[in-house]
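Everything below concerns the one structure shown next.
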Amino acid sequence: MTSSRSATVTLPTDEQILITREFDAPRHLVYEAWTTPELVKRWWHANRGEMTVAEIDLRVGGRWRYVMVADGGFEVAFHGEYREIVPNERLVSTEVYEAMPDAQALDTVTFAEENGRTLATLLVQHTSKEHRDAHVGSGMEDGLQDALDLLEQVAVSLR
Amino acid sequence: MIAAVPRAATTADAFNAVAEPRRRQILDVLAGGERPVNDLVRALGLAQPQVSKHLRVLRAVGAVDVRGDGRQRLYRLNGRALKPIHDWVKDYERTWSERFEQLDVVLEGLKKTEGGGGGDE
């Protein structure tokens, strides 16, 4: 079991989001869970609704699309295209939140295995700080002008 | 004067206080410990009036505290005032944490299937 079950999110630059998490499983299984539609449907909802669509055409140039009906009844949909695939190791794909079609991000996820455990690292690269902020702050109305390279430091100072 | 009102309103939160790169730089320097204004002037390479202006904004949101020490005024970081920024990202982090907790469950199932299938080479 993982000692801390919590994902870590940091904002390394104004246009990036970095998400990391360790799993108590070898990486070929993490990769399988990440890329198999029936398995994705069991975890990607994050307990916030039900996934109605998980389409994955796992080849370079192939598309993916996830749709979730959130508990409030509204639907959220995401899609993208695979750009790079190294089985069990690395996936690069575009990501578009369909309600904000102009904000296309590039996601790079890597899986590193050590002693049967896997460190997953997901880097989301936006094209502007506005898009990045909208992504992180989805649900917030204010146009935020912050830049959060301070975040980790702040988090540490609050411990 | 009227124009100053909305401006005051928009700078008076933590997000706007750190929106300006120079102010983030000040916070970075103060993260290393309490400093007199002269140190900040040197570290930033700005004129003192500009540094003081940024310090006023940071003090207005409570991100920086000041105390007098003899002839000097010493500034220090107050991380707690920046907590709204931390909370903003925390929400997003919570989504991913829950997502990954579900993924843990899926992985436990996969491990059992793989182990139970025998012939794990």
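The chains in the structure tokens are called A, B, ... from first to last as shown; in each chain the residues are counted from 1, and the ligands are counted from 1 in the order shown.
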
Next item on the list: Could you list, as an NGL selection string, the residues of chain B having an atom within 9 Å of chain A when counting only C-alpha atoms?
Entry: :B and (14-21 or 24 or 27-28 or 31 or 78-80 or 82-83 or 85-86 or 88-108 or 110-111)

Next on the checklist: Neighbouring residues of stretch 100-104 of chain A were defined as those with any atom within 12 Å, considering only C-alpha atoms; residues of the same chain fewer than 2 positions away were excluded. Please report them as a PyMOL selection string.
Outcome noted: chain A and resi 15+76-81+93-98+106-107+124-135+138

Between A:Val53, A:Leu122, A:Val60, A:Leu18, single out the one closest to A:Tyr82, counting only C-alpha atoms.
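Among the listed residues, the smallest separation from A:Tyr82 belongs to A:Val60.
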
- Task: Give the strand (DSSP E) residues of stretch 8-109 of chain B, as assigned by DSSP on the backbone, as a VMD selection string.
- Result: chain B and resid 35 to 36 64 to 69 72 to 77

Writer output for current selection, N, CA and C atoms, as an mmCIF file, in the first residue's frame:
data_model
loop_
_atom_site.group_PDB
_atom_site.id
_atom_site.type_symbol
_atom_site.label_atom_id
_atom_site.label_comp_id
_atom_site.auth_asym_id
_atom_site.auth_seq_id
_atom_site.Cartn_x
_atom_site.Cartn_y
_atom_site.Cartn_z
ATOM 1 N N ARG B 35 14.277 40.194 6.164
ATOM 2 C CA ARG B 35 15.258 41.044 5.480
ATOM 3 C C ARG B 35 14.885 42.527 5.610
ATOM 4 N N PRO B 36 15.893 43.396 5.731
ATOM 5 C CA PRO B 36 15.619 44.835 5.639
ATOM 6 C C PRO B 36 15.394 45.213 4.173
ATOM 7 N N VAL B 64 3.155 39.795 3.641
ATOM 8 C CA VAL B 64 4.409 40.242 4.237
ATOM 9 C C VAL B 64 4.096 41.009 5.517
ATOM 10 N N ASP B 65 4.843 40.714 6.571
ATOM 11 C CA ASP B 65 4.733 41.476 7.825
ATOM 12 C C ASP B 65 5.981 42.323 7.984
ATOM 13 N N VAL B 66 5.844 43.400 8.734
ATOM 14 C CA VAL B 66 7.001 44.269 8.954
ATOM 15 C C VAL B 66 7.120 44.580 10.442
ATOM 16 N N ARG B 67 8.366 44.712 10.902
ATOM 17 C CA ARG B 67 8.565 45.174 12.282
ATOM 18 C C ARG B 67 9.772 46.101 12.310
ATOM 19 N N GLY B 68 9.740 47.032 13.240
ATOM 20 C CA GLY B 68 10.854 47.959 13.367
ATOM 21 C C GLY B 68 11.925 47.328 14.248
ATOM 22 N N ASP B 69 13.192 47.523 13.865
ATOM 23 C CA ASP B 69 14.290 47.019 14.684
ATOM 24 C C ASP B 69 15.347 48.111 14.679
ATOM 25 N N GLN B 72 16.110 50.172 11.435
ATOM 26 C CA GLN B 72 15.697 49.373 10.280
ATOM 27 C C GLN B 72 14.248 48.908 10.397
ATOM 28 N N ARG B 73 13.666 48.672 9.236
ATOM 29 C CA ARG B 73 12.383 47.963 9.212
ATOM 30 C C ARG B 73 12.636 46.620 8.559
ATOM 31 N N LEU B 74 12.230 45.564 9.250
ATOM 32 C CA LEU B 74 12.491 44.213 8.750
ATOM 33 C C LEU B 74 11.203 43.592 8.221
ATOM 34 N N TYR B 75 11.321 43.008 7.028
ATOM 35 C CA TYR B 75 10.153 42.403 6.386
ATOM 36 C C TYR B 75 10.273 40.884 6.428
ATOM 37 N N ARG B 76 9.140 40.233 6.632
ATOM 38 C CA ARG B 76 9.182 38.757 6.566
ATOM 39 C C ARG B 76 7.927 38.194 5.907
ATOM 40 N N LEU B 77 8.069 36.965 5.418
ATOM 41 C CA LEU B 77 7.004 36.286 4.691
ATOM 42 C C LEU B 77 5.953 35.758 5.666
#

The residue from A:Thr36, A:Arg117, A:His28, A:Ala70 with the smallest atom-to-atom distance to A:Asp57, counting only C-alpha atoms, is A:Thr36

Backbone-only DSSP, alpha helix (DSSP H) members of stretch 10-69 of chain B, as a CSV table (one decimal) with N, CA and C atoms, in the first residue's frame:
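Contents of part-v4.csv, as written:
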chain,number,residue,atom,x,y,z
B,10,THR,N,-8.9,45.2,-6.8
B,10,THR,CA,-8.3,44.1,-7.5
B,10,THR,C,-6.9,43.7,-6.9
B,11,THR,N,-6.2,44.6,-6.3
B,11,THR,CA,-4.9,44.2,-5.8
B,11,THR,C,-5.0,43.6,-4.4
B,14,ALA,N,-4.7,37.8,-2.6
B,14,ALA,CA,-3.4,37.1,-2.7
B,14,ALA,C,-3.1,36.8,-4.1
B,15,PHE,N,-4.1,36.4,-4.9
B,15,PHE,CA,-3.8,36.1,-6.3
B,15,PHE,C,-3.2,37.3,-7.1
B,16,ASN,N,-3.8,38.4,-6.9
B,16,ASN,CA,-3.3,39.6,-7.6
B,16,ASN,C,-1.9,40.0,-7.0
B,17,ALA,N,-1.8,39.8,-5.7
B,17,ALA,CA,-0.5,40.2,-5.1
B,17,ALA,C,0.7,39.5,-5.7
B,21,PRO,N,5.6,39.7,-11.2
B,21,PRO,CA,6.8,38.9,-11.0
B,21,PRO,C,7.7,39.5,-10.0
B,22,ARG,N,7.8,40.8,-9.9
B,22,ARG,CA,8.7,41.4,-8.9
B,22,ARG,C,8.3,41.1,-7.5
B,23,ARG,N,6.9,41.0,-7.3
B,23,ARG,CA,6.4,40.7,-6.0
B,23,ARG,C,6.7,39.3,-5.6
B,24,ARG,N,6.6,38.4,-6.6
B,24,ARG,CA,7.0,37.0,-6.4
B,24,ARG,C,8.5,36.9,-6.0
B,25,GLN,N,9.3,37.7,-6.7
B,25,GLN,CA,10.7,37.7,-6.4
B,25,GLN,C,10.9,38.1,-4.9
B,26,ILE,N,10.2,39.1,-4.5
B,26,ILE,CA,10.3,39.6,-3.1
B,26,ILE,C,10.0,38.5,-2.1
B,27,LEU,N,8.9,37.8,-2.5
B,27,LEU,CA,8.5,36.7,-1.6
B,27,LEU,C,9.5,35.6,-1.6
B,28,ASP,N,10.1,35.3,-2.8
B,28,ASP,CA,11.2,34.3,-2.8
B,28,ASP,C,12.3,34.7,-1.9
B,29,VAL,N,12.7,35.9,-2.0
B,29,VAL,CA,13.9,36.4,-1.1
B,29,VAL,C,13.5,36.2,0.4
B,30,LEU,N,12.3,36.7,0.7
B,30,LEU,CA,11.8,36.6,2.1
B,30,LEU,C,11.6,35.2,2.6
B,31,ALA,N,11.4,34.3,1.6
B,31,ALA,CA,11.3,32.9,2.0
B,31,ALA,C,12.6,32.4,2.7
B,37,VAL,N,14.8,46.4,4.0
B,37,VAL,CA,14.4,46.8,2.6
B,37,VAL,C,15.6,46.9,1.7
B,38,ASN,N,16.8,47.3,2.3
B,38,ASN,CA,18.0,47.5,1.5
B,38,ASN,C,18.4,46.2,0.8
B,39,ASP,N,18.2,45.1,1.5
B,39,ASP,CA,18.6,43.7,1.0
B,39,ASP,C,17.7,43.5,-0.2
B,40,LEU,N,16.4,43.8,-0.1
B,40,LEU,CA,15.5,43.6,-1.2
B,40,LEU,C,15.8,44.5,-2.4
B,41,VAL,N,16.2,45.7,-2.1
B,41,VAL,CA,16.6,46.6,-3.2
B,41,VAL,C,17.8,46.0,-4.0
B,42,ARG,N,18.7,45.5,-3.2
B,42,ARG,CA,19.9,44.9,-3.9
B,42,ARG,C,19.5,43.6,-4.6
B,43,ALA,N,18.7,42.8,-4.0
B,43,ALA,CA,18.4,41.5,-4.6
B,43,ALA,C,17.6,41.7,-5.9
B,44,LEU,N,16.8,42.7,-5.9
B,44,LEU,CA,15.9,42.9,-7.1
B,44,LEU,C,16.5,43.9,-8.1
B,48,GLN,N,14.5,51.9,-4.6
B,48,GLN,CA,13.8,51.7,-3.3
B,48,GLN,C,12.3,52.1,-3.4
B,49,PRO,N,11.9,53.2,-4.0
B,49,PRO,CA,10.5,53.5,-4.1
B,49,PRO,C,9.7,52.4,-4.7
B,50,GLN,N,10.3,51.8,-5.8
B,50,GLN,CA,9.5,50.7,-6.4
B,50,GLN,C,9.4,49.5,-5.5
B,51,VAL,N,10.4,49.2,-4.9
B,51,VAL,CA,10.4,48.0,-3.9
B,51,VAL,C,9.4,48.3,-2.8
B,52,SER,N,9.4,49.6,-2.3
B,52,SER,CA,8.4,49.9,-1.3
B,52,SER,C,7.0,49.8,-1.7
B,53,LYS,N,6.8,50.2,-3.0
B,53,LYS,CA,5.4,50.1,-3.6
B,53,LYS,C,5.0,48.7,-3.6
B,54,HIS,N,5.8,47.8,-4.0
B,54,HIS,CA,5.5,46.3,-4.1
B,54,HIS,C,5.2,45.8,-2.7
B,55,LEU,N,6.1,46.3,-1.7
B,55,LEU,CA,5.9,45.8,-0.3
B,55,LEU,C,4.6,46.2,0.2
B,56,ARG,N,4.1,47.4,-0.2
B,56,ARG,CA,2.8,47.9,0.3
B,56,ARG,C,1.7,47.0,-0.2
B,57,VAL,N,1.8,46.6,-1.4
B,57,VAL,CA,0.7,45.6,-1.9
B,57,VAL,C,0.8,44.3,-1.2
B,58,LEU,N,2.0,43.8,-1.0
B,58,LEU,CA,2.1,42.5,-0.3
B,58,LEU,C,1.7,42.7,1.2
B,59,ARG,N,1.9,43.8,1.8
B,59,ARG,CA,1.5,44.0,3.2
B,59,ARG,C,0.0,44.1,3.2
B,60,ALA,N,-0.6,44.7,2.2
B,60,ALA,CA,-2.1,44.9,2.2
B,60,ALA,C,-2.8,43.6,2.2
